[in-house]
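Encoded as structure tokens, the structure appears first; notes follow it.
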Amino acid sequence: MTKKCIGCGALFQSDDPNKEGYVDSCMLKKALICRRCFRIKNYGDYQIINKSESDYRKIFDEVKKEKKLVLYLCDILNIDNDISELKGFNGSVILVITKVDLLPKSVKEKKLCDYIKKNYDLNVLNVIFISSNKNYNIDLLMKTILKNKVGNEIYLVGNTNAGKSSLINCLIKSYSDGESFVTTSIIPATTIDVIKIKLNDDITLIDTPGIIRKDNFLYNEKVNVIKEISPKAEIKPRTYQMKPNQSIIIGNYARIDYLSDQKNSFTIYLSNAIKVRRINVNTSDYLKNLKVSNFNTKPRNDIVISGLCFCKITCAAKLKVYTEEKVSVYKRDNLI
Ligand SMILES: Nc1nc2c(ncn2[C@@H]2O[C@H](COP(=O)(O)OP(=O)(O)OP(=O)(O)O)[C@@H](O)[C@H]2O)c(=O)[nH]1
Ligand SMILES: [Mg+2]
């Protein structure tokens, strides 16, 4: 059986409903998509597939050897983790920063560009900021693809959830008569295997499964939590004037204790669905059972809790950050 699901790329099988590519045996001949893709597309019913990280990395490493044009996608909200795998490609790379519609409209692209240039020494043809949801800069991206492609095949790679399959669907809508779309979803590892999509006579897009980062909040949580923490619309930043020994509680997920002895200002960027509250450090031990990381930040630093939020801090600060054990927490220069 070598038939593949056109939604996620998994090989069809009818032995195990909990594994990828499952279809009822009576549907094997005529099915185009697997049961998991069908349920994601029609009911928003998400089934997380546990595949080994090394399967995905093998595909990524194969793409690196190709001399073809590669679109390397990074989610703007996960920029540091997503960009960290951008090295060692044989082909030319266009860095595509996705989901810019989630940032407040006041954020200037130049600021984001400066951040990338200052912090990363990248060997790429171009950096393009896009939104597949809002069809933003898709024409510019297409022009750049046509100018730089080598042969007809173009690879899309990046961490899981970076927006690869969404970009492919956006390109199909704009540049093809095709009607079948690849599966996208908020859960990690939606695309299971390589999928080739012939856009037109000049371009074949190759979707790939994303690299899995276990230190991201998304990979540690249940579907209802992923739904809550994934931003769906433009983020409304929340600013708090902090006094010494105050604490910010981020939903049920994280806590930032502010321990310096002057006033400060925190602005938090995260899904609008997450409740944030400010308390005095000593009033409650809520979430203090989680892993703690200590920071001394400089003026205009961010604290990033991977996959959950970032917090822009105006003045130097002494902090304790509590969150899930596996999740990476780090400081950086302000992104915006
Ligand atoms: N707001 C917004 N959300 C987006 C955009 N592009 C993708 N998303 C969302 O991001 C999530 C992941 O998108 P996918 O296209 O499935 O990501 P992927 O890179 O294919 O993920 P894997 O297949 O797991 O590697 C989905 O919930 C998308 O709706 C965008 O431009 N704006
Ligand atoms: Mg995908």
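Going through the structure tokens in order, the chains are called A, B, and so on, while each chain numbers its residues from 1 and the ligands are numbered from 1 in the order shown.
A distance cut-off of 6 Å from ligand 2, applied to only C-alpha atoms and all ligand atoms, picks out the residues Lys164, Ser165, Thr184, Thr190, Thr191 and Pro209 of chain A.
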Could you produce a table of the residues of range 228-269 of chain A lying within 12 Å of range 296-304 of chain A, with the nearest pair of atoms per residue and their separation in Å rounded to one decimal, using only C-alpha atoms, ordered by chain and increasing residue number, as JSON lines?
{"residue": "A:Ala254", "atom": "CA", "partner": "A:Val304", "partner_atom": "CA", "distance": 11.2}
{"residue": "A:Arg255", "atom": "CA", "partner": "A:Ile303", "partner_atom": "CA", "distance": 11.8}
{"residue": "A:Ile256", "atom": "CA", "partner": "A:Ile303", "partner_atom": "CA", "distance": 9.5}
{"residue": "A:Asp257", "atom": "CA", "partner": "A:Asn296", "partner_atom": "CA", "distance": 11.9}
{"residue": "A:Tyr258", "atom": "CA", "partner": "A:Asn296", "partner_atom": "CA", "distance": 10.3}
{"residue": "A:Leu259", "atom": "CA", "partner": "A:Asn296", "partner_atom": "CA", "distance": 9.8}
{"residue": "A:Ser260", "atom": "CA", "partner": "A:Asn296", "partner_atom": "CA", "distance": 9.3}
{"residue": "A:Asn264", "atom": "CA", "partner": "A:Pro299", "partner_atom": "CA", "distance": 10.0}
{"residue": "A:Ser265", "atom": "CA", "partner": "A:Arg300", "partner_atom": "CA", "distance": 10.2}
{"residue": "A:Phe266", "atom": "CA", "partner": "A:Asp302", "partner_atom": "CA", "distance": 9.2}
{"residue": "A:Thr267", "atom": "CA", "partner": "A:Asp302", "partner_atom": "CA", "distance": 9.2}
{"residue": "A:Ile268", "atom": "CA", "partner": "A:Asp302", "partner_atom": "CA", "distance": 9.3}
{"residue": "A:Tyr269", "atom": "CA", "partner": "A:Val304", "partner_atom": "CA", "distance": 9.7}
Would you mind exporting the chosen residues as a short mmCIF file (atom, residue, chain, number, x, y, z; two decimals), in the first residue's frame, restricted to N, CA and C atoms?
data_model
loop_
_atom_site.label_atom_id
_atom_site.label_comp_id
_atom_site.auth_asym_id
_atom_site.auth_seq_id
_atom_site.Cartn_x
_atom_site.Cartn_y
_atom_site.Cartn_z
N ALA A 254 2.34 30.35 33.99
CA ALA A 254 3.63 30.95 34.35
C ALA A 254 3.43 32.10 35.32
N ARG A 255 4.53 32.42 35.99
CA ARG A 255 4.50 33.48 36.99
C ARG A 255 5.83 34.22 36.90
N ILE A 256 5.78 35.57 36.89
CA ILE A 256 7.02 36.35 36.87
C ILE A 256 7.04 37.22 38.12
N ASP A 257 7.97 36.95 39.02
CA ASP A 257 8.12 37.77 40.24
C ASP A 257 9.15 38.87 39.97
N TYR A 258 8.77 40.12 40.31
CA TYR A 258 9.65 41.27 40.08
C TYR A 258 10.29 41.67 41.41
N LEU A 259 11.63 41.56 41.49
CA LEU A 259 12.28 41.68 42.80
C LEU A 259 13.23 42.88 42.93
N SER A 260 13.28 43.74 41.91
CA SER A 260 14.14 44.93 42.02
C SER A 260 13.50 45.95 42.96
N ASN A 264 8.92 49.76 37.60
CA ASN A 264 9.29 49.31 36.26
C ASN A 264 8.00 49.16 35.44
N SER A 265 8.17 48.92 34.13
CA SER A 265 6.99 48.73 33.29
C SER A 265 7.14 47.44 32.49
N PHE A 266 6.14 46.56 32.57
CA PHE A 266 6.14 45.30 31.82
C PHE A 266 5.03 45.36 30.77
N THR A 267 5.35 44.95 29.54
CA THR A 267 4.29 44.81 28.53
C THR A 267 4.32 43.37 28.03
N ILE A 268 3.19 42.69 28.17
CA ILE A 268 3.16 41.26 27.83
C ILE A 268 2.42 41.04 26.53
N TYR A 269 3.03 40.22 25.66
CA TYR A 269 2.45 39.85 24.37
C TYR A 269 2.12 38.37 24.43
#
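Picture a line from CA of Asn133 in chain A to CA of Leu335 in chain A; it runs 22.1 Å.
Of the residues listed (A:Leu86, A:Leu290, A:Val150, A:Cys311), A:Leu290 shows the shortest atom-to-atom separation from Glu324 in chain A; distances use only C-alpha atoms.
For the choices A:Asp16, A:Asp45, A:Asp202, A:Asp121, the atom-to-atom distance to Ser185 in chain A is smallest for A:Asp45 when using only C-alpha atoms.
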Dump as CSV the rows for residues of chain A within 7 Å of ligand 1: closest atom pair and distance in Å with one decimal, only C-alpha atoms and all ligand atoms counted, ordered by chain and rising residue number.
residue,atom,partner,partner_atom_place_in_ligand_line,distance
A:Thr98,CA,ligand 1,31 (O),5.5
A:Lys99,CA,ligand 1,31 (O),3.7
A:Val100,CA,ligand 1,31 (O),6.6
A:Asp101,CA,ligand 1,32 (N),5.7
A:Leu102,CA,ligand 1,1 (N),5.3
A:Ile130,CA,ligand 1,31 (O),6.5
A:Ser131,CA,ligand 1,31 (O),3.5
A:Ser132,CA,ligand 1,31 (O),3.7
A:Asn133,CA,ligand 1,31 (O),4.3
A:Lys134,CA,ligand 1,31 (O),6.5
A:Gly158,CA,ligand 1,19 (O),6.7
A:Asn159,CA,ligand 1,25 (O),6.0
A:Thr160,CA,ligand 1,25 (O),3.4
A:Asn161,CA,ligand 1,21 (O),3.5
A:Ala162,CA,ligand 1,19 (O),3.9
A:Gly163,CA,ligand 1,17 (O),3.4
A:Lys164,CA,ligand 1,19 (O),3.8
A:Ser165,CA,ligand 1,20 (O),3.8
A:Ser166,CA,ligand 1,15 (O),3.6
A:Leu167,CA,ligand 1,6 (N),6.5
A:Thr183,CA,ligand 1,16 (O),6.6
A:Thr184,CA,ligand 1,16 (O),3.3
A:Ser185,CA,ligand 1,26 (C),4.3
A:Ile186,CA,ligand 1,27 (O),3.6
A:Ile187,CA,ligand 1,24 (O),6.7
A:Pro188,CA,ligand 1,24 (O),4.4
A:Ala189,CA,ligand 1,24 (O),3.4
A:Thr190,CA,ligand 1,24 (O),4.0
A:Thr191,CA,ligand 1,23 (O),3.6
A:Ile192,CA,ligand 1,23 (O),6.9
A:Thr208,CA,ligand 1,25 (O),6.8
A:Pro209,CA,ligand 1,25 (O),4.5
A:Gly210,CA,ligand 1,25 (O),3.4
A:Ile211,CA,ligand 1,25 (O),6.8
A:Pro231,CA,ligand 1,1 (N),7.0
A:Lys232,CA,ligand 1,1 (N),5.5
A:Ala233,CA,ligand 1,1 (N),5.9
How would the residues just chosen look if you wrote them out with N, CA and C atoms as a CSV table (one decimal), in the first residue's frame?
chain,number,residue,atom,x,y,z
A,98,THR,N,6.7,34.5,9.4
A,98,THR,CA,5.2,34.3,9.2
A,98,THR,C,4.4,34.9,10.3
A,99,LYS,N,3.1,35.0,10.1
A,99,LYS,CA,2.1,35.4,11.1
A,99,LYS,C,2.3,36.8,11.6
A,100,VAL,N,2.8,37.7,10.7
A,100,VAL,CA,3.0,39.1,11.2
A,100,VAL,C,1.7,39.8,11.5
A,101,ASP,N,0.6,39.2,11.0
A,101,ASP,CA,-0.7,39.8,11.4
A,101,ASP,C,-1.0,39.7,12.9
A,102,LEU,N,-0.3,38.9,13.6
A,102,LEU,CA,-0.5,38.7,15.0
A,102,LEU,C,0.1,39.8,15.9
A,130,ILE,N,5.5,37.9,6.1
A,130,ILE,CA,4.2,37.6,5.4
A,130,ILE,C,3.1,37.3,6.4
A,131,SER,N,1.9,37.3,5.9
A,131,SER,CA,0.8,36.7,6.7
A,131,SER,C,0.0,35.9,5.6
A,132,SER,N,-0.1,34.6,5.8
A,132,SER,CA,-0.9,33.8,4.9
A,132,SER,C,-2.4,34.0,5.2
A,133,ASN,N,-2.7,34.3,6.4
A,133,ASN,CA,-4.1,34.6,6.8
A,133,ASN,C,-4.6,35.8,6.1
A,134,LYS,N,-3.7,36.8,6.0
A,134,LYS,CA,-4.2,38.1,5.5
A,134,LYS,C,-3.7,38.4,4.1
A,158,GLY,N,11.0,24.3,8.2
A,158,GLY,CA,11.0,25.1,9.4
A,158,GLY,C,10.4,24.3,10.6
A,159,ASN,N,10.4,24.9,11.7
A,159,ASN,CA,9.8,24.2,12.9
A,159,ASN,C,8.3,23.9,12.7
A,160,THR,N,7.9,22.9,13.4
A,160,THR,CA,6.4,22.7,13.4
A,160,THR,C,5.7,23.9,13.8
A,161,ASN,N,4.5,24.1,13.1
A,161,ASN,CA,3.6,25.2,13.4
A,161,ASN,C,4.1,26.6,12.9
A,162,ALA,N,5.2,26.6,12.1
A,162,ALA,CA,5.7,27.8,11.6
A,162,ALA,C,4.8,28.4,10.5
A,163,GLY,N,3.9,27.6,10.0
A,163,GLY,CA,2.9,28.1,9.0
A,163,GLY,C,3.2,27.6,7.5
A,164,LYS,N,4.0,26.5,7.4
A,164,LYS,CA,4.4,26.1,6.0
A,164,LYS,C,3.1,25.6,5.2
A,165,SER,N,2.3,24.8,5.8
A,165,SER,CA,1.1,24.3,5.0
A,165,SER,C,0.2,25.4,4.8
A,166,SER,N,0.0,26.4,5.7
A,166,SER,CA,-0.9,27.5,5.5
A,166,SER,C,-0.4,28.4,4.3
A,167,LEU,N,0.9,28.5,4.2
A,167,LEU,CA,1.5,29.3,3.1
A,167,LEU,C,1.2,28.6,1.8
A,183,THR,N,-3.5,20.0,5.0
A,183,THR,CA,-4.1,20.2,6.3
A,183,THR,C,-3.2,21.1,7.2
A,184,THR,N,-3.9,22.0,7.8
A,184,THR,CA,-3.2,22.9,8.8
A,184,THR,C,-3.9,22.8,10.1
A,185,SER,N,-3.2,23.1,11.2
A,185,SER,CA,-3.9,23.1,12.5
A,185,SER,C,-3.0,23.7,13.6
A,186,ILE,N,-3.6,24.0,14.7
A,186,ILE,CA,-2.9,24.6,15.8
A,186,ILE,C,-2.0,23.6,16.5
A,187,ILE,N,-2.2,22.3,16.3
A,187,ILE,CA,-1.4,21.3,17.0
A,187,ILE,C,-0.1,21.1,16.3
A,188,PRO,N,1.0,20.7,17.1
A,188,PRO,CA,2.2,20.5,16.5
A,188,PRO,C,2.2,19.2,15.7
A,189,ALA,N,3.1,19.1,14.7
A,189,ALA,CA,3.2,17.9,13.8
A,189,ALA,C,1.9,17.5,13.1
A,190,THR,N,1.4,18.5,12.4
A,190,THR,CA,0.2,18.3,11.6
A,190,THR,C,0.6,17.6,10.3
A,191,THR,N,1.6,18.1,9.6
A,191,THR,CA,2.1,17.4,8.4
A,191,THR,C,3.0,16.3,8.9
A,192,ILE,N,2.8,15.1,8.3
A,192,ILE,CA,3.5,13.9,8.8
A,192,ILE,C,4.6,13.5,7.9
A,208,THR,N,6.9,20.0,4.0
A,208,THR,CA,7.7,19.0,4.8
A,208,THR,C,7.2,19.1,6.3
A,209,PRO,N,7.3,18.0,7.0
A,209,PRO,CA,6.9,18.0,8.4
A,209,PRO,C,7.9,18.9,9.2
A,210,GLY,N,7.4,19.7,10.2
A,210,GLY,CA,8.2,20.6,10.9
A,210,GLY,C,9.1,19.9,11.9
A,211,ILE,N,10.2,20.5,12.2
A,211,ILE,CA,11.1,20.1,13.3
A,211,ILE,C,10.4,20.3,14.6
A,231,PRO,N,-2.3,32.4,19.7
A,231,PRO,CA,-3.0,33.6,19.4
A,231,PRO,C,-3.8,33.5,18.1
A,232,LYS,N,-5.0,34.0,18.0
A,232,LYS,CA,-5.8,33.8,16.8
A,232,LYS,C,-6.0,35.1,16.1
A,233,ALA,N,-5.8,36.2,16.8
A,233,ALA,CA,-6.0,37.5,16.2
A,233,ALA,C,-4.9,38.5,16.7
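Each of A:Val182, A:Ile250, A:Ile336, A:Leu77 was checked against Glu109 in chain A using only C-alpha atoms; the smallest atom-to-atom distance is that of A:Ile336.
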request  = Just the residues within 9 Å of Tyr253 in chain A, please, counting only C-alpha atoms, with nothing from its chain fewer than 6 positions along; format it as a list in words.
outcome  = Leu287, Leu308, Tyr322, Thr323 and Glu324 of chain A
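Backbone DSSP of range 219-271 of chain A yields strand (DSSP E or B) at Arg238, Thr239, Tyr240, Gln241, Met242, Gln246, Ser247, Ile248, Ile249, Ile250, Ala254, Arg255, Ile256, Asp257, Tyr258, Asn264, Ser265, Phe266, Thr267, Ile268, Tyr269 and Leu270 of chain A.
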inquiry  = Excluding Asp61 in chain A and its own-chain neighbours fewer than 5 positions away, which residues fall within 10 Å of it when counting only C-alpha atoms? Please give them as a list in words.
reply    = Tyr56, Glu66, Gly88 and Phe89 of chain A
Selected residues written out, all heavy atoms, as a short mmCIF file (atom, residue, chain, number, x, y, z; two decimals), in the first residue's frame:
data_model
loop_
_atom_site.label_atom_id
_atom_site.label_comp_id
_atom_site.auth_asym_id
_atom_site.auth_seq_id
_atom_site.Cartn_x
_atom_site.Cartn_y
_atom_site.Cartn_z
N TYR A 56 11.46 13.30 11.52
CA TYR A 56 11.29 14.61 10.89
C TYR A 56 12.64 15.23 10.56
O TYR A 56 12.82 15.87 9.54
CB TYR A 56 10.50 15.53 11.82
CG TYR A 56 9.09 15.05 12.09
CD1 TYR A 56 8.57 15.00 13.36
CD2 TYR A 56 8.28 14.64 11.03
CE1 TYR A 56 7.28 14.56 13.60
CE2 TYR A 56 6.99 14.20 11.25
CZ TYR A 56 6.49 14.16 12.54
OH TYR A 56 5.22 13.73 12.76
N GLU A 66 19.92 19.33 -0.84
CA GLU A 66 19.42 19.69 -2.17
C GLU A 66 19.98 21.04 -2.61
O GLU A 66 20.17 21.93 -1.80
CB GLU A 66 17.88 19.79 -2.13
CG GLU A 66 17.19 18.49 -1.86
CD GLU A 66 17.13 17.59 -3.09
OE1 GLU A 66 17.38 18.09 -4.20
OE2 GLU A 66 16.82 16.39 -2.90
N GLY A 88 23.58 25.47 7.14
CA GLY A 88 24.03 24.28 6.41
C GLY A 88 23.21 23.89 5.20
O GLY A 88 23.23 22.73 4.80
N PHE A 89 22.50 24.85 4.59
CA PHE A 89 21.74 24.51 3.38
C PHE A 89 22.63 24.61 2.14
O PHE A 89 23.36 25.59 1.98
CB PHE A 89 20.54 25.45 3.22
CG PHE A 89 19.42 25.13 4.16
CD1 PHE A 89 19.41 25.64 5.45
CD2 PHE A 89 18.39 24.30 3.76
CE1 PHE A 89 18.39 25.33 6.33
CE2 PHE A 89 17.36 23.99 4.64
CZ PHE A 89 17.36 24.50 5.92
#
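Using only C-alpha atoms, the residues found no farther than 8 Å from Ile6 in chain A, other than those of its own chain fewer than 4 positions away, are Leu32, Ile33, Ser180, Phe181, Val182 and Ile195 of chain A.
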request  = Could you pull out the residues in range 169-305 of chain A that DSSP calls alpha helix (DSSP H) from the backbone, as a ChimeraX atom specification?
outcome  = /A:169-175,223-229
note = Val276 in chain A proximity check over A:Lys118, A:Arg238, A:Lys227, A:Lys29, using only C-alpha atoms: winner is A:Arg238
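Of the residues under consideration (A:Ile203, A:Val223, A:Cys5, A:Ile40), A:Ile203 shows the shortest atom-to-atom contact distance to Asn152 in chain A when counting only C-alpha atoms.
Among the candidate residues A:Ile212, A:Gly307, A:Asn148, A:Val127, the one lying nearest to Ile97 in chain A is A:Val127, with distances computed using only C-alpha atoms.
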